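First comes the structure, then the notes that go with it.
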Amino acid sequence: MEVSQASATSARQRVLPISDASGVADARRAAAALAVSLEFGETAAGELALAVTEAATNIVKHAREGAIVARIVERGGVEGVEVLAIDKGPGIGNVAASMRDGHSTTGTPGSGLGALQRIASGLEIWSRPGGGTLLRFEIWPKAVQDAAVATAGVICTQKSGEDFCGDGWAVLQGRGRLVVLVVDGLGHGFEAATAARAAIETVQGKAHLDAVNLMDAMHGALRPTRGAAAAIAMLQPESELCTFCGIGNISASIRSNGASRSMVSQNGTLGHSVRKIQDFQYPYPKGALLLMHSDGVATHWDLAAYPGIEMRHPAIVAAALYRDHSRGRDDLTVLALRNGTAG
């Protein structure tokens, strides 16, 4: 089974607060570091630095504060960088007009979004007046083709002040199904990250198992650790079926045609105290969104509050939940994946 995406550390993702020119400079330096790590050529590295600078500058100019999330992504054997620009500013009344060079609401030349459109791929914007702006784009070192690998939108970050993230996630694809994991190591810091990594490595090595046996394998692997909450969603996109198995407080739901259905997890701590491991099956129709998150995200959100966002890239959905429903005092993972979304 091919590993399409996995993360339990901040090495492949940076979450950078933006509130002034120094934040813009930090974001540019972080982008440059990612470009070096991926061995981008001079042209691609320059495009990434310029695009991140434009996006971060727009946050300061229009919203005063927000965040840049930069994540390494893979497609067809090529690694690139996905960037999210997130703010709670006044929003954009006319997105199409804002993309035209020369359009400005602040008296500046107005080339920011137009420049992004020229140098980035996969540019998407969700915005509404008074509701802030969520922007996503990709920068690749060379041309890439859409691959038949489902793409998750993910934000995974550690608690403020911690050097390690105790959350983790994985998306694996093969044999006509996807295996999706979200794990939250107990507590914070290095020991929590160790538990999350043990869960991810188990899933990567035993993804051929069914959901119950895979969860049981993680339970055994986590015994030497402080334990974790974890959930597995096994998706069969063509059969439009999701098999779900969870232990602890990982929240998961499937949203389709404007309605959400929560999925059931069992009580316990993986690796220590598990009374029962049981899986459940749910419809996962074409176009449906799988949404999973750790308890770093509050549970009272409703996508109906974001008109049109369900049709955006899953990363835009993840960004909305991160922006508006982060508890701010814990490690955090939020993952979104649409049935039928590739690339």
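Chain labels follow the order of the structure tokens: the first chain is A, the next B, and so on; residue numbering restarts at 1 in every chain, and ligands are counted from 1 in their shown order.
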
- Message: Among stretch 147-201 of chain A, which ones does DSSP assign to helix (DSSP H, G or I) (computed from the backbone)? Answer as a list of chain:residue names.
- Response: A:Gly189, A:Phe190, A:Glu191, A:Ala192, A:Ala193, A:Thr194, A:Ala195, A:Ala196, A:Arg197, A:Ala198, A:Ala199, A:Ile200, A:Glu201

Same residues, C-alpha atoms, saved as an mmCIF file, in the first residue's frame:
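See out18.cif below for the written result:
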```
data_model
loop_
_atom_site.group_PDB
_atom_site.id
_atom_site.type_symbol
_atom_site.label_atom_id
_atom_site.label_comp_id
_atom_site.auth_asym_id
_atom_site.auth_seq_id
_atom_site.Cartn_x
_atom_site.Cartn_y
_atom_site.Cartn_z
ATOM 1 C CA GLY A 189 5.610 17.348 23.974
ATOM 2 C CA PHE A 190 8.121 14.663 23.086
ATOM 3 C CA GLU A 191 6.380 11.733 24.796
ATOM 4 C CA ALA A 192 3.067 12.516 23.122
ATOM 5 C CA ALA A 193 4.860 12.812 19.766
ATOM 6 C CA THR A 194 6.506 9.423 20.390
ATOM 7 C CA ALA A 195 3.077 7.831 20.858
ATOM 8 C CA ALA A 196 1.748 9.491 17.691
ATOM 9 C CA ARG A 197 4.754 8.309 15.692
ATOM 10 C CA ALA A 198 4.292 4.731 16.934
ATOM 11 C CA ALA A 199 0.684 4.788 15.729
ATOM 12 C CA ILE A 200 1.631 6.167 12.308
ATOM 13 C CA GLU A 201 4.427 3.628 11.822
#
```

- Message: as an MDAnalysis selection string, please: every residue in stretch 208-280 of chain A that DSSP puts in strand (DSSP E or B).
- Response: chainID A and resid 228:236 241:247 251:256 259:262 266 268:270 273:274 280

- Considering only C-alpha atoms, return as an MDAnalysis selection string whatever protein or nucleic-acid residues lie within 12 Å of A:Asp216, sequence-local ones (same chain, fewer than 2 positions apart) excluded. chainID A and resid 199 202:203 206 209:214 218:223 230:232 245:247 269:279

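Residue nearest A:Gly114 within the list A:Val95, A:Ala304, A:Val264, A:Leu172: A:Val95 [criterion: smallest interatomic distance, only C-alpha atoms].
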
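Comparing A:Ala252, A:Ile309, A:Ala120, A:Ala97 by their smallest distance to A:Val182, the closest is A:Ala252 (using only C-alpha atoms).
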
Applying 7 Å and only C-alpha atoms, which residues near stretch 61-64 of chain A remain after dropping the ones on its own chain fewer than 5 positions away? List them as a PDB file with all heavy atoms, in the first residue's frame.
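Dumped everything to result32.pdb:
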```
ATOM      1  N   SER A  19       1.407  39.317  11.620  1.00  0.00           N
ATOM      2  CA  SER A  19       0.753  40.511  12.149  1.00  0.00           C
ATOM      3  C   SER A  19       1.483  41.791  11.764  1.00  0.00           C
ATOM      4  O   SER A  19       0.951  42.888  11.960  1.00  0.00           O
ATOM      5  CB  SER A  19       0.635  40.443  13.687  1.00  0.00           C
ATOM      6  OG  SER A  19       1.922  40.336  14.275  1.00  0.00           O
ATOM      7  N   ASP A  87      -6.996  34.486   7.330  1.00  0.00           N
ATOM      8  CA  ASP A  87      -7.219  35.691   8.128  1.00  0.00           C
ATOM      9  C   ASP A  87      -8.686  35.839   8.485  1.00  0.00           C
ATOM     10  O   ASP A  87      -9.555  35.183   7.918  1.00  0.00           O
ATOM     11  CB  ASP A  87      -6.694  36.946   7.413  1.00  0.00           C
ATOM     12  CG  ASP A  87      -7.546  37.370   6.207  1.00  0.00           C
ATOM     13  OD1 ASP A  87      -8.729  37.685   6.398  1.00  0.00           O
ATOM     14  OD2 ASP A  87      -7.015  37.391   5.076  1.00  0.00           O
ATOM     15  N   LYS A  88      -8.936  36.724   9.444  1.00  0.00           N
ATOM     16  CA  LYS A  88     -10.290  37.056   9.882  1.00  0.00           C
ATOM     17  C   LYS A  88     -10.628  38.508   9.544  1.00  0.00           C
ATOM     18  O   LYS A  88     -11.395  39.151  10.254  1.00  0.00           O
ATOM     19  CB  LYS A  88     -10.443  36.829  11.394  1.00  0.00           C
ATOM     20  CG  LYS A  88     -10.458  35.383  11.820  1.00  0.00           C
ATOM     21  CD  LYS A  88     -10.750  35.282  13.311  1.00  0.00           C
ATOM     22  CE  LYS A  88     -10.861  33.841  13.769  1.00  0.00           C
ATOM     23  NZ  LYS A  88     -11.183  33.735  15.218  1.00  0.00           N
ATOM     24  N   GLY A  89     -10.071  39.000   8.477  1.00  0.00           N
ATOM     25  CA  GLY A  89     -10.247  40.397   8.099  1.00  0.00           C
ATOM     26  C   GLY A  89     -11.604  40.702   7.511  1.00  0.00           C
ATOM     27  O   GLY A  89     -12.557  39.925   7.647  1.00  0.00           O
ATOM     28  N   PRO A  90     -11.718  41.818   6.797  1.00  0.00           N
ATOM     29  CA  PRO A  90     -13.012  42.253   6.287  1.00  0.00           C
ATOM     30  C   PRO A  90     -13.546  41.412   5.148  1.00  0.00           C
ATOM     31  O   PRO A  90     -14.710  41.544   4.773  1.00  0.00           O
ATOM     32  CB  PRO A  90     -12.733  43.692   5.819  1.00  0.00           C
ATOM     33  CG  PRO A  90     -11.265  43.718   5.533  1.00  0.00           C
ATOM     34  CD  PRO A  90     -10.655  42.794   6.535  1.00  0.00           C
TER      35      PRO A  90
END
```

- Message: Env of A:Asp184: 8 Å cut, atoms = only C-alpha atoms, seq-sep filter 5 positions within chain, self excluded. Answer as JSON, numbers by chain.
- Response: {"A": [166, 167, 168, 192, 196, 228, 229, 230, 250, 294, 331]}

- Query: Quick one: residues within 8 Å of A:Asp20, only C-alpha atoms counted, chain neighbours fewer than 2 positions away excluded, as a list in words?
  - Reply: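 Near neighbours after the sequence-gap exclusion: Ile18, Ser22, Gly23, Val24, Val60, Arg64 and Glu65 of chain A.
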
- Distance of atom CA of A:Glu138 from atom CA of A:Gly80, expressed in Å to one decimal place: 7.1 Å
